Amino acid sequence: MMGDKYEKNCDMIKDTILEVQKQFKEALAKVQEALALEEIKNTFLGRKGKVAGLFSMMGEVPAEEKKDLGQLLNKLKIELQSDFDAKVSEFTSSTSKKEWVDYTLPGYSMPKGSRHPLTQAVDDMLSIFQRLGFDIAYGPEVETDWFNFESLNFPPNHPARDMQDTFYTEGGGILRTHTSPVQTRYMSKHEPPVRIVAPGRVFRNEAISARSYCLFHQIEGLYIDTDITFADLKGTIELFCRMYYGKDVKIKFRTSYFPFTEPSAEIDVSCFLCGGKGCRVCKNTGWLEIMGCGMVDPNVMKAVNYDPEKYTGYAFGLGVERMVMMRLGINDIRTLFENDVEFLKQF
Ligand SMILES: [Zn+2]
């Protein structure tokens with residue numbers, strides 16, 4: 001008799017498991033709002049819920065059945081709990097968000113984009129030159145030999161024409177090696193007076209390292225009119241440097257050579273980091289080289305049919321990367337081209 005009773009208990013528990021499972025699924029399917037979940041939790045999964053009730057009946061089953069029944073019950077408990085959790089997350093991911101907004105929480109800040117440091121520097125410099133009366137001119141990045149070299153008085157054997165230093169396109173074009181061709185392009189289409197600055201990318205076939213890259217940015221300046229002298233050039237450059245680096249900056253002109261200017265000079269400014277005392281950035285000289293300049297060579301005037309007896313002018317060119325690196329203390333030029341957002345965020 002005892003065995004029969006146990007048998008009955010076992011069957012009854014198995015039936016109840018199925019029944020509880022069914023009831024639970026039905027109840028869960030009917031739930032419309034998060035609050036109703038609480039009741040289901042109490043009814044089925046609570047300490048005095050139906051699942052707990054089934055576990056308490058385990059005392060009434062024969063030892064040999066305990067293992068199987070126990071496994072069935074554990075399975076039921078896990079299944080119900082996971083169905084329940086899934087339902088809860090349905091509510092927290094959709095409807096309950098509306099119900100549970102905490103208006104006192106600080107809002108999410110939207111990440112703000114910013115201009116690339118090179119773009120910022122070019123914009124800053126151009127706006128200074130615009131205030132000094134310069135127009136902005138642009139030229140193509142793929143140039144002809146004539147504009148890139150010949151019109152600028154480069155002799156045929158000049159090393160810059162070497163395949164080692166310059167990128168040539170298949171059609172015989174040249175990736176411009178400087179922004180200077182914009183000078184002769186502009187002059188060949190406009191009569192003097194000409195007063196322009198020309199920003200843009202230039203290309204050199206160089207091994208990529210911390211110090212050099214295959215492309216960089218230049219800003220070219222050109223002023224042609226009657227009676228332009230070296231003093232005008234000095235005045236303009238000094239004004240630019242004061243506006244860009246601050247009024248205390250000192251400027252030094254050193255004689256130099258470029259094919260398209262005569263006389264030519266390179267311009268140093270007093271190191272803005274150490275004020276001229278000497279530091280790592282200026283290599284302890286107190287000076288930083290920022291640009292090349294000079295009076296436009298008569299041969300360049302002739303190339304664009306300007307009368308060198310009537311007109312004179314000056315030109316200058318500066319490397320934007322160099323100025324940005326010095327100013328921001330960047331010691332690897334590659335970081336300016338890698339577009340690493342974490343790096344760029346700083347500026
Ligand atoms: Zn210094």
# chains A, B, ... in the order shown; residues from 1 in each chain; ligands from 1
call {"tool": "residues_near_ligand", "arguments": {"ligand": "ligand 1", "cutoff": "10 Å", "atoms": "only C-alpha atoms and all ligand atoms", "output": "PyMOL selection string"}}
result
chain A and resi 270-288+326
call {"tool": "write_last_selection", "arguments": {"atoms": "N, CA and C atoms", "output": "compact mmCIF listing (two decimals), in the first residue's frame"}}
result
# COMPACT_ATOMS: atom_id res chain seq x y z
N SER A 270 61.73 83.92 -33.26
CA SER A 270 62.23 83.55 -31.93
C SER A 270 61.32 82.46 -31.37
N CYS A 271 61.91 81.46 -30.74
CA CYS A 271 61.16 80.30 -30.25
C CYS A 271 60.09 80.75 -29.26
N PHE A 272 58.84 80.41 -29.57
CA PHE A 272 57.75 80.88 -28.71
C PHE A 272 57.63 80.07 -27.44
N LEU A 273 58.33 78.94 -27.38
CA LEU A 273 58.27 78.12 -26.17
C LEU A 273 59.22 78.65 -25.10
N CYS A 274 60.46 78.94 -25.50
CA CYS A 274 61.46 79.35 -24.52
C CYS A 274 61.74 80.85 -24.62
N GLY A 275 61.09 81.54 -25.56
CA GLY A 275 61.31 82.97 -25.71
C GLY A 275 62.71 83.31 -26.20
N GLY A 276 63.41 82.35 -26.78
CA GLY A 276 64.74 82.62 -27.35
C GLY A 276 65.88 82.13 -26.48
N LYS A 277 65.55 81.58 -25.29
CA LYS A 277 66.62 81.12 -24.38
C LYS A 277 67.25 79.81 -24.86
N GLY A 278 66.47 79.04 -25.60
CA GLY A 278 66.96 77.74 -26.06
C GLY A 278 66.24 76.60 -25.36
N CYS A 279 65.66 75.69 -26.16
CA CYS A 279 64.97 74.54 -25.59
C CYS A 279 65.02 73.39 -26.60
N ARG A 280 64.32 72.29 -26.27
CA ARG A 280 64.36 71.10 -27.11
C ARG A 280 63.76 71.38 -28.49
N VAL A 281 62.62 72.13 -28.52
CA VAL A 281 61.92 72.37 -29.78
C VAL A 281 62.80 73.18 -30.75
N CYS A 282 63.50 74.19 -30.22
CA CYS A 282 64.34 75.02 -31.11
C CYS A 282 65.77 74.50 -31.16
N LYS A 283 65.98 73.31 -30.62
CA LYS A 283 67.31 72.68 -30.58
C LYS A 283 68.35 73.61 -29.98
N ASN A 284 67.93 74.33 -28.94
CA ASN A 284 68.80 75.23 -28.17
C ASN A 284 69.35 76.41 -28.95
N THR A 285 68.76 76.70 -30.10
CA THR A 285 69.23 77.86 -30.86
C THR A 285 68.44 79.11 -30.50
N GLY A 286 67.23 78.92 -29.95
CA GLY A 286 66.38 80.07 -29.66
C GLY A 286 65.56 80.51 -30.87
N TRP A 287 65.81 79.89 -32.03
CA TRP A 287 65.13 80.29 -33.26
C TRP A 287 64.44 79.10 -33.92
N LEU A 288 63.33 79.37 -34.62
CA LEU A 288 62.62 78.34 -35.38
C LEU A 288 62.45 78.80 -36.82
N MET A 326 55.39 72.45 -34.28
CA MET A 326 56.13 73.28 -33.32
C MET A 326 55.17 73.88 -32.30
call {"tool": "select_by_dssp", "arguments": {"residues": "segment 28-231 of chain A", "states": "alpha helix (DSSP H)", "output": "ChimeraX atom specification"}}
result
/A:28-30,34-40,50-56,63-93,95-99,117-131,145-148,181-189,230-231
call {"tool": "residues_around", "arguments": {"residues": "Gly172 of chain A", "least_positions_apart": "3", "cutoff": "12 Å", "atoms": "only C-alpha atoms", "output": "VMD selection string"}}
result
chain A and resid 142 to 146 163 166 to 169 175
call {"tool": "residues_around", "arguments": {"residues": "Lys77 of chain A", "least_positions_apart": "4", "cutoff": "8 Å", "atoms": "only C-alpha atoms", "output": "MDAnalysis selection string"}}
result
chainID A and resid 45 51 73 81
call {"tool": "write_last_selection", "arguments": {"atoms": "N, CA and C atoms", "output": "PDB file, in the first residue's frame"}}
result
ATOM      1  N   LEU A  45       7.263  31.755  -8.643  1.00  0.00           N
ATOM      2  CA  LEU A  45       8.673  31.611  -8.280  1.00  0.00           C
ATOM      3  C   LEU A  45       8.987  32.094  -6.865  1.00  0.00           C
ATOM      4  N   VAL A  51       6.230  26.598  -7.562  1.00  0.00           N
ATOM      5  CA  VAL A  51       7.438  25.791  -7.762  1.00  0.00           C
ATOM      6  C   VAL A  51       7.995  25.328  -6.415  1.00  0.00           C
ATOM      7  N   LEU A  73      12.207  18.975 -11.618  1.00  0.00           N
ATOM      8  CA  LEU A  73      11.834  20.200 -10.910  1.00  0.00           C
ATOM      9  C   LEU A  73      12.847  21.314 -11.127  1.00  0.00           C
ATOM     10  N   GLN A  81      12.248  30.619 -14.628  1.00  0.00           N
ATOM     11  CA  GLN A  81      13.020  31.819 -14.275  1.00  0.00           C
ATOM     12  C   GLN A  81      13.532  32.527 -15.527  1.00  0.00           C
TER      13      GLN A  81
END
call {"tool": "residues_around", "arguments": {"residues": "Gln23 of chain A", "least_positions_apart": "5", "cutoff": "12 Å", "atoms": "only C-alpha atoms", "output": "count of residues only"}}
result
12
call {"tool": "residues_around", "arguments": {"residues": "Met295 of chain A", "least_positions_apart": "6", "cutoff": "6 Å", "atoms": "only C-alpha atoms", "output": "ChimeraX atom specification"}}
result
/A:261-263,313-314
call {"tool": "write_last_selection", "arguments": {"atoms": "N, CA and C atoms", "output": "compact mmCIF listing (two decimals), in the first residue's frame"}}
result
# COMPACT_ATOMS: atom_id res chain seq x y z
N THR A 261 62.94 82.90 -56.83
CA THR A 261 63.07 84.22 -56.18
C THR A 261 64.53 84.65 -56.17
N GLU A 262 64.73 85.97 -56.24
CA GLU A 262 66.09 86.52 -56.19
C GLU A 262 66.03 87.96 -55.74
N PRO A 263 66.57 88.40 -54.63
CA PRO A 263 67.22 87.53 -53.65
C PRO A 263 66.21 86.68 -52.88
N GLY A 313 57.78 92.09 -57.32
CA GLY A 313 56.90 91.43 -56.36
C GLY A 313 57.67 90.50 -55.46
N TYR A 314 56.96 90.03 -54.46
CA TYR A 314 57.59 89.05 -53.56
C TYR A 314 56.72 87.80 -53.46
call {"tool": "closest_atom_pairs", "arguments": {"of": "segment 134-209 of chain A", "to": "segment 214-237 of chain A", "cutoff": "9 Å", "atoms": "only C-alpha atoms", "output": "CSV"}}
result
residue,atom,partner,partner_atom,distance
A:Phe134,CA,A:Gly221,CA,8.3
A:Thr177,CA,A:Leu215,CA,8.9
A:His178,CA,A:Gln218,CA,7.1
A:Thr179,CA,A:Glu220,CA,5.8
A:Ser180,CA,A:Glu220,CA,6.3
A:Val182,CA,A:Glu220,CA,8.0
A:Gln183,CA,A:Leu222,CA,6.7
A:Pro192,CA,A:Asp225,CA,5.7
A:Pro193,CA,A:Asp225,CA,4.6
A:Val194,CA,A:Ile224,CA,5.0
A:Arg195,CA,A:Tyr223,CA,4.3
A:Ile196,CA,A:Leu222,CA,5.4
A:Val197,CA,A:Gly221,CA,4.3
A:Ala198,CA,A:Glu220,CA,4.9
A:Pro199,CA,A:Ile219,CA,4.3
A:Gly200,CA,A:His217,CA,5.5
A:Arg201,CA,A:His217,CA,4.4
A:Val202,CA,A:Phe216,CA,5.5
A:Phe203,CA,A:Leu215,CA,4.3
A:Arg204,CA,A:Cys214,CA,5.1
A:Asn205,CA,A:Cys214,CA,5.7
A:Glu206,CA,A:Cys214,CA,5.5
A:Ala207,CA,A:Cys214,CA,7.2
A:Ile208,CA,A:Cys214,CA,6.4
call {"tool": "write_last_selection", "arguments": {"atoms": "N, CA and C atoms", "output": "PDB file, in the first residue's frame"}}
result
ATOM      1  N   PHE A 134      45.087  90.010 -48.833  1.00  0.00           N
ATOM      2  CA  PHE A 134      45.348  88.941 -49.802  1.00  0.00           C
ATOM      3  C   PHE A 134      44.058  88.203 -50.175  1.00  0.00           C
ATOM      4  N   THR A 177      54.913  69.518 -56.271  1.00  0.00           N
ATOM      5  CA  THR A 177      55.886  69.357 -55.182  1.00  0.00           C
ATOM      6  C   THR A 177      55.877  70.565 -54.258  1.00  0.00           C
ATOM      7  N   HIS A 178      55.154  71.605 -54.655  1.00  0.00           N
ATOM      8  CA  HIS A 178      54.998  72.809 -53.824  1.00  0.00           C
ATOM      9  C   HIS A 178      53.757  73.556 -54.312  1.00  0.00           C
ATOM     10  N   THR A 179      53.325  74.575 -53.561  1.00  0.00           N
ATOM     11  CA  THR A 179      52.164  75.353 -54.007  1.00  0.00           C
ATOM     12  C   THR A 179      52.573  76.495 -54.937  1.00  0.00           C
ATOM     13  N   SER A 180      53.874  76.615 -55.201  1.00  0.00           N
ATOM     14  CA  SER A 180      54.342  77.710 -56.051  1.00  0.00           C
ATOM     15  C   SER A 180      53.738  77.737 -57.460  1.00  0.00           C
ATOM     16  N   VAL A 182      50.836  77.641 -58.238  1.00  0.00           N
ATOM     17  CA  VAL A 182      49.631  78.490 -58.208  1.00  0.00           C
ATOM     18  C   VAL A 182      50.006  79.937 -58.545  1.00  0.00           C
ATOM     19  N   GLN A 183      51.253  80.332 -58.212  1.00  0.00           N
ATOM     20  CA  GLN A 183      51.724  81.683 -58.585  1.00  0.00           C
ATOM     21  C   GLN A 183      51.595  81.906 -60.084  1.00  0.00           C
ATOM     22  N   PRO A 192      48.542  92.282 -63.185  1.00  0.00           N
ATOM     23  CA  PRO A 192      48.854  92.883 -61.888  1.00  0.00           C
ATOM     24  C   PRO A 192      47.936  94.096 -61.635  1.00  0.00           C
ATOM     25  N   PRO A 193      47.711  94.509 -60.408  1.00  0.00           N
ATOM     26  CA  PRO A 193      48.330  93.919 -59.213  1.00  0.00           C
ATOM     27  C   PRO A 193      47.731  92.565 -58.827  1.00  0.00           C
ATOM     28  N   VAL A 194      48.594  91.701 -58.308  1.00  0.00           N
ATOM     29  CA  VAL A 194      48.191  90.371 -57.846  1.00  0.00           C
ATOM     30  C   VAL A 194      48.591  90.249 -56.386  1.00  0.00           C
ATOM     31  N   ARG A 195      47.629  89.896 -55.563  1.00  0.00           N
ATOM     32  CA  ARG A 195      47.974  89.695 -54.143  1.00  0.00           C
ATOM     33  C   ARG A 195      47.183  88.486 -53.642  1.00  0.00           C
ATOM     34  N   ILE A 196      47.827  87.341 -53.633  1.00  0.00           N
ATOM     35  CA  ILE A 196      47.120  86.100 -53.291  1.00  0.00           C
ATOM     36  C   ILE A 196      47.874  85.270 -52.255  1.00  0.00           C
ATOM     37  N   VAL A 197      47.111  84.453 -51.529  1.00  0.00           N
ATOM     38  CA  VAL A 197      47.702  83.336 -50.789  1.00  0.00           C
ATOM     39  C   VAL A 197      47.051  82.067 -51.327  1.00  0.00           C
ATOM     40  N   ALA A 198      47.851  81.003 -51.461  1.00  0.00           N
ATOM     41  CA  ALA A 198      47.344  79.755 -52.038  1.00  0.00           C
ATOM     42  C   ALA A 198      47.645  78.590 -51.096  1.00  0.00           C
ATOM     43  N   PRO A 199      46.629  78.081 -50.404  1.00  0.00           N
ATOM     44  CA  PRO A 199      46.844  76.925 -49.527  1.00  0.00           C
ATOM     45  C   PRO A 199      46.655  75.623 -50.307  1.00  0.00           C
ATOM     46  N   GLY A 200      47.277  74.560 -49.868  1.00  0.00           N
ATOM     47  CA  GLY A 200      47.000  73.278 -50.522  1.00  0.00           C
ATOM     48  C   GLY A 200      47.983  72.190 -50.151  1.00  0.00           C
ATOM     49  N   ARG A 201      47.662  70.978 -50.663  1.00  0.00           N
ATOM     50  CA  ARG A 201      48.510  69.823 -50.389  1.00  0.00           C
ATOM     51  C   ARG A 201      49.605  69.724 -51.444  1.00  0.00           C
ATOM     52  N   VAL A 202      50.766  69.298 -50.996  1.00  0.00           N
ATOM     53  CA  VAL A 202      51.864  69.061 -51.931  1.00  0.00           C
ATOM     54  C   VAL A 202      52.455  67.689 -51.643  1.00  0.00           C
ATOM     55  N   PHE A 203      53.190  67.142 -52.612  1.00  0.00           N
ATOM     56  CA  PHE A 203      53.611  65.741 -52.525  1.00  0.00           C
ATOM     57  C   PHE A 203      55.105  65.593 -52.794  1.00  0.00           C
ATOM     58  N   ARG A 204      55.751  64.776 -51.988  1.00  0.00           N
ATOM     59  CA  ARG A 204      57.176  64.481 -52.214  1.00  0.00           C
ATOM     60  C   ARG A 204      57.380  62.982 -52.024  1.00  0.00           C
ATOM     61  N   ASN A 205      58.208  62.440 -52.878  1.00  0.00           N
ATOM     62  CA  ASN A 205      58.493  61.013 -52.797  1.00  0.00           C
ATOM     63  C   ASN A 205      59.551  60.756 -51.720  1.00  0.00           C
ATOM     64  N   GLU A 206      59.130  60.877 -50.463  1.00  0.00           N
ATOM     65  CA  GLU A 206      60.081  60.712 -49.366  1.00  0.00           C
ATOM     66  C   GLU A 206      59.741  59.487 -48.538  1.00  0.00           C
ATOM     67  N   ALA A 207      60.775  58.921 -47.924  1.00  0.00           N
ATOM     68  CA  ALA A 207      60.531  57.823 -46.998  1.00  0.00           C
ATOM     69  C   ALA A 207      59.732  58.381 -45.820  1.00  0.00           C
ATOM     70  N   ILE A 208      58.675  57.644 -45.438  1.00  0.00           N
ATOM     71  CA  ILE A 208      57.824  58.144 -44.364  1.00  0.00           C
ATOM     72  C   ILE A 208      58.481  57.876 -43.020  1.00  0.00           C
TER      73      ILE A 208
END
call {"tool": "atom_distance", "arguments": {"atom1": "atom CA of Glu90 of chain A", "atom2": "atom CA of Leu37 of chain A"}}
result
11.4 Å
call {"tool": "residues_around", "arguments": {"residues": "Glu309 of chain A", "least_positions_apart": "3", "cutoff": "9 Å", "atoms": "only C-alpha atoms", "output": "ChimeraX atom specification"}}
result
/A:298,306,312
call {"tool": "select_by_dssp", "arguments": {"residues": "segment 85-158 of chain A", "states": "strand (DSSP E)", "output": "list in words"}}
result
Asp135, Ile136, Val142 and Glu143 of chain A
call {"tool": "write_last_selection", "arguments": {"atoms": "N, CA and C atoms", "output": "CSV table (one decimal), in the first residue's frame"}}
result
chain,number,residue,atom,x,y,z
A,135,ASP,N,43.9,87.9,-51.5
A,135,ASP,CA,42.9,87.0,-51.9
A,135,ASP,C,43.3,85.5,-51.7
A,136,ILE,N,42.4,84.6,-51.7
A,136,ILE,CA,42.8,83.2,-51.7
A,136,ILE,C,42.7,82.6,-53.1
A,142,VAL,N,47.4,67.9,-59.4
A,142,VAL,CA,48.2,67.3,-60.5
A,142,VAL,C,48.6,68.4,-61.4
A,143,GLU,N,49.9,68.6,-61.6
A,143,GLU,CA,50.4,69.8,-62.3
A,143,GLU,C,51.1,69.3,-63.6
call {"tool": "closest_residue", "arguments": {"among": "A:Ala210, A:Val269, A:Asp307, A:Leu239", "to": "Asn331 of chain A", "atoms": "only C-alpha atoms"}}
result
A:Ala210
call {"tool": "atom_distance", "arguments": {"atom1": "atom CA of Gln32 of chain A", "atom2": "atom CA of Leu54 of chain A"}}
result
27.6 Å
call {"tool": "closest_residue", "arguments": {"among": "A:Ala34, A:Glu289, A:Cys10, A:Leu76", "to": "Trp100 of chain A", "atoms": "only C-alpha atoms"}}
result
A:Ala34
call {"tool": "closest_residue", "arguments": {"among": "A:Ile174, A:Val61, A:Leu118, A:Leu35", "to": "Thr335 of chain A", "atoms": "only C-alpha atoms"}}
result
A:Leu118
call {"tool": "atom_distance", "arguments": {"atom1": "atom CA of Gly292 of chain A", "atom2": "atom CA of Gly173 of chain A"}}
result
25.6 Å
call {"tool": "closest_residue", "arguments": {"among": "A:Arg211, A:Phe258, A:Asp248, A:Met243", "to": "Ile333 of chain A", "atoms": "only C-alpha atoms"}}
result
A:Arg211
call {"tool": "closest_residue", "arguments": {"among": "A:Phe347, A:Glu19, A:Tyr244, A:Lys112", "to": "Leu126 of chain A", "atoms": "only C-alpha atoms"}}
result
A:Tyr244
